[in-house]
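Asker: Input structure: protein-v4.cif, which contains mmCIF, C-alpha atoms, pLDDT in the B column; chains and numbers go by the auth columns.
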data_query
#
loop_
_atom_site.group_PDB
_atom_site.id
_atom_site.type_symbol
_atom_site.label_atom_id
_atom_site.label_comp_id
_atom_site.label_asym_id
_atom_site.label_seq_id
_atom_site.Cartn_x
_atom_site.Cartn_y
_atom_site.Cartn_z
_atom_site.B_iso_or_equiv
_atom_site.auth_seq_id
_atom_site.auth_asym_id
ATOM 1 C CA MET A 1 0.000 0.000 0.000 89.00 1 L
ATOM 2 C CA MET A 2 2.895 2.323 0.773 91.00 2 L
ATOM 3 C CA GLU A 3 4.362 1.705 -2.673 92.00 3 L
ATOM 4 C CA LEU A 4 1.047 2.614 -4.278 89.00 4 L
ATOM 5 C CA LEU A 5 0.691 5.790 -2.230 89.00 5 L
ATOM 6 C CA ASN A 6 4.326 6.769 -2.869 92.00 6 L
ATOM 7 C CA ALA A 7 3.786 6.320 -6.610 90.00 7 L
ATOM 8 C CA VAL A 8 0.631 8.453 -6.426 89.00 8 L
ATOM 9 C CA GLY A 9 2.586 11.118 -4.545 87.00 9 L
ATOM 10 C CA ARG A 10 5.256 11.194 -7.261 89.00 10 L
ATOM 11 C CA LEU A 11 2.655 11.405 -10.034 84.00 11 L
ATOM 12 C CA GLY A 12 2.325 15.187 -9.947 79.00 12 L
ATOM 13 C CA GLY A 13 0.706 16.971 -12.848 78.00 13 L
ATOM 14 C CA SER A 14 -2.759 18.435 -12.994 83.00 14 L
ATOM 15 C CA THR A 15 -4.112 17.077 -16.252 89.00 15 L
ATOM 16 C CA PRO A 16 -7.505 15.353 -16.162 91.00 16 L
ATOM 17 C CA GLN A 17 -5.752 11.994 -16.706 91.00 17 L
ATOM 18 C CA ASP A 18 -3.446 12.573 -13.742 89.00 18 L
ATOM 19 C CA ARG A 19 -6.385 13.483 -11.516 90.00 19 L
ATOM 20 C CA ALA A 20 -8.339 10.403 -12.687 92.00 20 L
ATOM 21 C CA VAL A 21 -5.397 8.083 -11.950 91.00 21 L
ATOM 22 C CA ARG A 22 -4.885 9.674 -8.539 92.00 22 L
ATOM 23 C CA GLN A 23 -8.616 9.403 -7.729 93.00 23 L
ATOM 24 C CA GLU A 24 -8.768 5.722 -8.759 92.00 24 L
ATOM 25 C CA ALA A 25 -5.631 4.836 -6.788 93.00 25 L
ATOM 26 C CA LEU A 26 -6.939 6.533 -3.644 93.00 26 L
ATOM 27 C CA GLU A 27 -10.330 4.831 -4.018 94.00 27 L
ATOM 28 C CA ILE A 28 -8.667 1.431 -4.323 93.00 28 L
ATOM 29 C CA ALA A 29 -6.481 2.172 -1.292 94.00 29 L
ATOM 30 C CA ALA A 30 -9.514 3.129 0.782 95.00 30 L
ATOM 31 C CA LEU A 31 -11.448 0.034 -0.323 95.00 31 L
ATOM 32 C CA VAL A 32 -8.599 -2.359 0.385 94.00 32 L
ATOM 33 C CA LEU A 33 -7.815 -0.842 3.784 95.00 33 L
ATOM 34 C CA SER A 34 -11.466 -0.628 4.872 95.00 34 L
ATOM 35 C CA PRO A 35 -11.556 -4.065 6.600 95.00 35 L
ATOM 36 C CA ILE A 36 -8.559 -3.042 8.714 95.00 36 L
ATOM 37 C CA ILE A 37 -9.429 0.585 9.542 96.00 37 L
ATOM 38 C CA PRO A 38 -13.115 0.953 8.681 95.00 38 L
ATOM 39 C CA HIS A 39 -13.856 4.286 10.343 96.00 39 L
ATOM 40 C CA VAL A 40 -10.921 6.130 8.793 96.00 40 L
ATOM 41 C CA CYS A 41 -11.605 4.613 5.363 95.00 41 L
ATOM 42 C CA HIS A 42 -15.277 5.567 5.591 96.00 42 L
ATOM 43 C CA ALA A 43 -14.271 9.186 6.211 96.00 43 L
ATOM 44 C CA LEU A 44 -11.739 9.063 3.356 95.00 44 L
ATOM 45 C CA TRP A 45 -14.389 7.542 1.084 96.00 45 L
ATOM 46 C CA ARG A 46 -16.724 10.469 1.806 96.00 46 L
ATOM 47 C CA ASP A 47 -13.860 12.947 1.225 96.00 47 L
ATOM 48 C CA LEU A 48 -13.231 11.323 -2.150 94.00 48 L
ATOM 49 C CA GLY A 49 -16.722 12.381 -3.158 95.00 49 L
ATOM 50 C CA HIS A 50 -18.845 9.279 -2.638 95.00 50 L
ATOM 51 C CA ALA A 51 -22.320 9.473 -1.104 94.00 51 L
ATOM 52 C CA THR A 52 -22.630 5.759 -0.305 93.00 52 L
ATOM 53 C CA ALA A 53 -20.980 4.007 2.634 94.00 53 L
ATOM 54 C CA ILE A 54 -17.715 2.242 1.862 94.00 54 L
ATOM 55 C CA ILE A 55 -19.026 -0.966 3.421 93.00 55 L
ATOM 56 C CA ASP A 56 -21.673 -1.168 0.690 93.00 56 L
ATOM 57 C CA GLU A 57 -19.097 -0.979 -2.100 93.00 57 L
ATOM 58 C CA PRO A 58 -17.964 -4.153 -3.900 92.00 58 L
ATOM 59 C CA TRP A 59 -14.388 -5.353 -3.587 88.00 59 L
ATOM 60 C CA PRO A 60 -12.206 -4.224 -6.529 86.00 60 L
ATOM 61 C CA ALA A 61 -12.394 -6.706 -9.411 88.00 61 L
ATOM 62 C CA VAL A 62 -9.237 -8.170 -10.893 88.00 62 L
ATOM 63 C CA ASP A 63 -8.570 -7.325 -14.525 88.00 63 L
ATOM 64 C CA GLN A 64 -7.125 -10.598 -15.854 91.00 64 L
ATOM 65 C CA ALA A 65 -5.830 -8.900 -19.015 88.00 65 L
ATOM 66 C CA ALA A 66 -3.683 -6.569 -16.915 84.00 66 L
ATOM 67 C CA LEU A 67 -1.971 -9.556 -15.271 84.00 67 L
ATOM 68 C CA LEU A 68 -0.640 -10.967 -18.550 87.00 68 L
ATOM 69 C CA ARG A 69 2.975 -10.158 -19.336 86.00 69 L
ATOM 70 C CA ASP A 70 4.779 -10.371 -22.646 90.00 70 L
ATOM 71 C CA ALA A 71 8.232 -10.488 -21.084 93.00 71 L
ATOM 72 C CA VAL A 72 9.611 -11.538 -17.711 93.00 72 L
ATOM 73 C CA GLU A 73 12.897 -10.898 -15.970 95.00 73 L
ATOM 74 C CA ILE A 74 14.899 -13.985 -15.080 95.00 74 L
ATOM 75 C CA VAL A 75 17.882 -14.190 -12.782 95.00 75 L
ATOM 76 C CA VAL A 76 20.989 -15.787 -14.280 95.00 76 L
ATOM 77 C CA GLN A 77 23.418 -17.443 -11.898 95.00 77 L
ATOM 78 C CA VAL A 78 26.774 -19.016 -12.613 94.00 78 L
ATOM 79 C CA ASN A 79 27.723 -21.596 -9.983 93.00 79 L
ATOM 80 C CA GLY A 80 24.985 -20.250 -7.725 91.00 80 L
ATOM 81 C CA LYS A 81 26.100 -16.611 -7.807 94.00 81 L
ATOM 82 C CA LEU A 82 24.028 -13.856 -9.406 95.00 82 L
ATOM 83 C CA ARG A 83 25.644 -12.702 -12.625 94.00 83 L
ATOM 84 C CA ALA A 84 22.845 -11.098 -14.664 94.00 84 L
ATOM 85 C CA ARG A 85 19.175 -10.295 -14.974 95.00 85 L
ATOM 86 C CA LEU A 86 17.702 -10.819 -18.416 94.00 86 L
ATOM 87 C CA SER A 87 14.372 -10.011 -19.996 94.00 87 L
ATOM 88 C CA VAL A 88 12.965 -12.953 -21.959 94.00 88 L
ATOM 89 C CA PRO A 89 9.511 -13.670 -23.401 94.00 89 L
ATOM 90 C CA ALA A 90 7.064 -15.088 -20.864 91.00 90 L
ATOM 91 C CA GLY A 91 7.108 -18.881 -20.924 90.00 91 L
ATOM 92 C CA ALA A 92 10.459 -18.982 -22.722 92.00 92 L
ATOM 93 C CA SER A 93 12.010 -22.404 -23.200 93.00 93 L
ATOM 94 C CA GLU A 94 15.199 -23.447 -21.460 93.00 94 L
ATOM 95 C CA GLU A 95 17.064 -23.312 -24.760 94.00 95 L
ATOM 96 C CA LEU A 96 16.015 -19.715 -25.447 94.00 96 L
ATOM 97 C CA ALA A 97 16.913 -18.627 -21.901 94.00 97 L
ATOM 98 C CA ARG A 98 20.279 -20.396 -22.101 93.00 98 L
ATOM 99 C CA THR A 99 21.074 -18.775 -25.455 93.00 99 L
ATOM 100 C CA ALA A 100 20.202 -15.327 -24.121 93.00 100 L
ATOM 101 C CA ALA A 101 22.257 -15.899 -20.971 93.00 101 L
ATOM 102 C CA LEU A 102 25.326 -17.141 -22.827 92.00 102 L
ATOM 103 C CA ALA A 103 25.165 -14.087 -25.088 92.00 103 L
ATOM 104 C CA ASP A 104 25.316 -11.720 -22.090 92.00 104 L
ATOM 105 C CA GLU A 105 28.769 -10.270 -21.490 91.00 105 L
ATOM 106 C CA HIS A 106 28.571 -10.554 -17.678 91.00 106 L
ATOM 107 C CA VAL A 107 27.761 -14.260 -17.912 92.00 107 L
ATOM 108 C CA GLN A 108 30.382 -14.830 -20.624 91.00 108 L
ATOM 109 C CA ARG A 109 33.069 -13.518 -18.289 91.00 109 L
ATOM 110 C CA PHE A 110 32.378 -16.321 -15.791 91.00 110 L
ATOM 111 C CA VAL A 111 31.556 -19.114 -18.228 90.00 111 L
ATOM 112 C CA ALA A 112 34.308 -18.337 -20.772 85.00 112 L
ATOM 113 C CA ASP A 113 35.300 -21.551 -22.570 83.00 113 L
ATOM 114 C CA LYS A 114 34.434 -23.865 -19.692 88.00 114 L
ATOM 115 C CA PRO A 115 31.973 -26.649 -20.482 90.00 115 L
ATOM 116 C CA LEU A 116 28.534 -26.504 -18.883 90.00 116 L
ATOM 117 C CA ARG A 117 28.141 -29.415 -16.472 93.00 117 L
ATOM 118 C CA LYS A 118 24.557 -28.701 -15.504 94.00 118 L
ATOM 119 C CA VAL A 119 21.784 -26.239 -16.327 94.00 119 L
ATOM 120 C CA ILE A 120 18.965 -25.630 -13.873 94.00 120 L
ATOM 121 C CA TYR A 121 16.019 -23.698 -15.274 95.00 121 L
ATOM 122 C CA VAL A 122 12.942 -22.548 -13.376 94.00 122 L
ATOM 123 C CA PRO A 123 10.615 -21.084 -16.036 93.00 123 L
ATOM 124 C CA ASP A 124 10.103 -17.337 -15.826 92.00 124 L
ATOM 125 C CA LYS A 125 12.326 -17.055 -12.741 94.00 125 L
ATOM 126 C CA LEU A 126 15.815 -18.511 -12.732 95.00 126 L
ATOM 127 C CA LEU A 127 18.579 -19.965 -14.873 95.00 127 L
ATOM 128 C CA ASN A 128 21.560 -21.449 -13.046 95.00 128 L
ATOM 129 C CA LEU A 129 24.589 -22.497 -15.058 94.00 129 L
ATOM 130 C CA VAL A 130 27.057 -24.863 -13.382 94.00 130 L
ATOM 131 C CA VAL A 131 30.524 -24.904 -14.942 91.00 131 L
#
Could you write out this file's structure as structure tokens?
Answerer:
Amino acid sequence: MMELLNAVGRLGGSTPQDRAVRQEALEIAALVLSPIIPHVCHALWRDLGHATAIIDEPWPAVDQAALLRDAVEIVVQVNGKLRARLSVPAGASEELARTAALADEHVQRFVADKPLRKVIYVPDKLLNLVV
């Protein structure tokens, strides 16, 4: 919640889009915090311009399309030590991740011409190269 409110604080600007984003973020914050601090959130809800009680509002719905990602960041380790972070397509195969990792200059420095003894790949998270 603090990250959301910090991002809203950094938003700045006074365009209608900026105000709409700020309003939506504050409404979501009030809704999500209302089970924990109901009285404060009810007052904030009224200050945000709503006539209804916050307890009568539905929980925010999840937008499944917003959760889909085209690319993910994977951690590349050589012998268990972090050597790089790479962006690869979501659901990338081990072969594609390995090719991208071996092309990275930071990984190349530690792999050099040594043969790979083992490759451990956790899809969309981790690639560990053992030399």
Asker: Would you mind listing what lies within 12 Å of Leu68 of chain L as an NGL selection string, with only C-alpha atoms counted and same-chain residues fewer than 4 positions away left out?
Answerer: :L and (62-64 or 72 or 89-91)
Asker: Could you state the separation of atom CA of Pro35 of chain L and atom CA of His50 of chain L in Å, given to one decimal place?
Answerer: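 It comes out at 17.8 Å.
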Asker: Using all atoms listed in the file, what does the table of segment 14-84 of chain L residues within 10 Å of segment 93-113 of chain L look like, with each row giving the shortest atom pair and its distance in Å to one decimal, sorted by chain and ascending number, as JSON lines?
Answerer:
{"residue": "L:Ile74", "atom": "CA", "partner": "L:Ala97", "partner_atom": "CA", "distance": 8.5}
{"residue": "L:Val75", "atom": "CA", "partner": "L:Ala101", "partner_atom": "CA", "distance": 9.4}
{"residue": "L:Val76", "atom": "CA", "partner": "L:Ala101", "partner_atom": "CA", "distance": 6.8}
{"residue": "L:Gln77", "atom": "CA", "partner": "L:Val107", "partner_atom": "CA", "distance": 8.1}
{"residue": "L:Val78", "atom": "CA", "partner": "L:Phe110", "partner_atom": "CA", "distance": 7.0}
{"residue": "L:Asn79", "atom": "CA", "partner": "L:Phe110", "partner_atom": "CA", "distance": 9.1}
{"residue": "L:Leu82", "atom": "CA", "partner": "L:Val107", "partner_atom": "CA", "distance": 9.3}
{"residue": "L:Arg83", "atom": "CA", "partner": "L:Val107", "partner_atom": "CA", "distance": 5.9}
{"residue": "L:Ala84", "atom": "CA", "partner": "L:His106", "partner_atom": "CA", "distance": 6.5}
Asker: Give the answer as one residue: which of L:Arg69, L:Lys81, L:Lys114, L:Arg22 has the shortest atom-to-atom distance to Leu5 of chain L, using all atoms listed in the file?
Answerer: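 Closest residue, counting all atoms listed in the file: L:Arg22.
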Asker: Using all atoms of segment 101-110 of chain L that appear in the file, construct an axis-aligned enclosing box with 3 Å of padding on every side and provide its centre coordinates and edge lengths in Å, rounded to one decimal, as AutoDock Vina command-line options.
Answerer:
--center_x 27.7 --center_y -13.7 --center_z -20.4 --size_x 16.8 --size_y 12.9 --size_z 15.3
Asker: Extract, using all atoms listed in the file, all DNA, RNA and protein residues at most 8 Å from Ala53 of chain L, discarding same-chain residues fewer than 6 positions from it, and format them as a PyMOL selection string.
Answerer: chain L and resi 42+45-46
Asker: Please write the residues from the selection above to a file, keeping C-alpha atoms, as a tab-separated table (two decimals), in the frame of the given file.
Answerer:
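Dumped everything to again19.tsv:
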chain	number	residue	atom	x	y	z
L	42	HIS	CA	-15.28	5.57	5.59
L	45	TRP	CA	-14.39	7.54	1.08
L	46	ARG	CA	-16.72	10.47	1.81
Asker: Give me, please, the distance in Å between atom CA of Leu33 of chain L and atom CA of Ala51 of chain L, quoted to one decimal.
Answerer: 18.5 Å
Asker: Kindly indicate which residue among L:Leu116, L:Val130, L:Ala20, L:Ala29 lies nearest to Leu4 of chain L, using all atoms listed in the file for the distances.
Answerer: L:Ala29
Asker: Just the residues within 12 Å of Asp47 of chain L, please, counting only C-alpha atoms, with nothing from its chain fewer than 6 positions along; format it as a count of residues only.
Answerer: 8
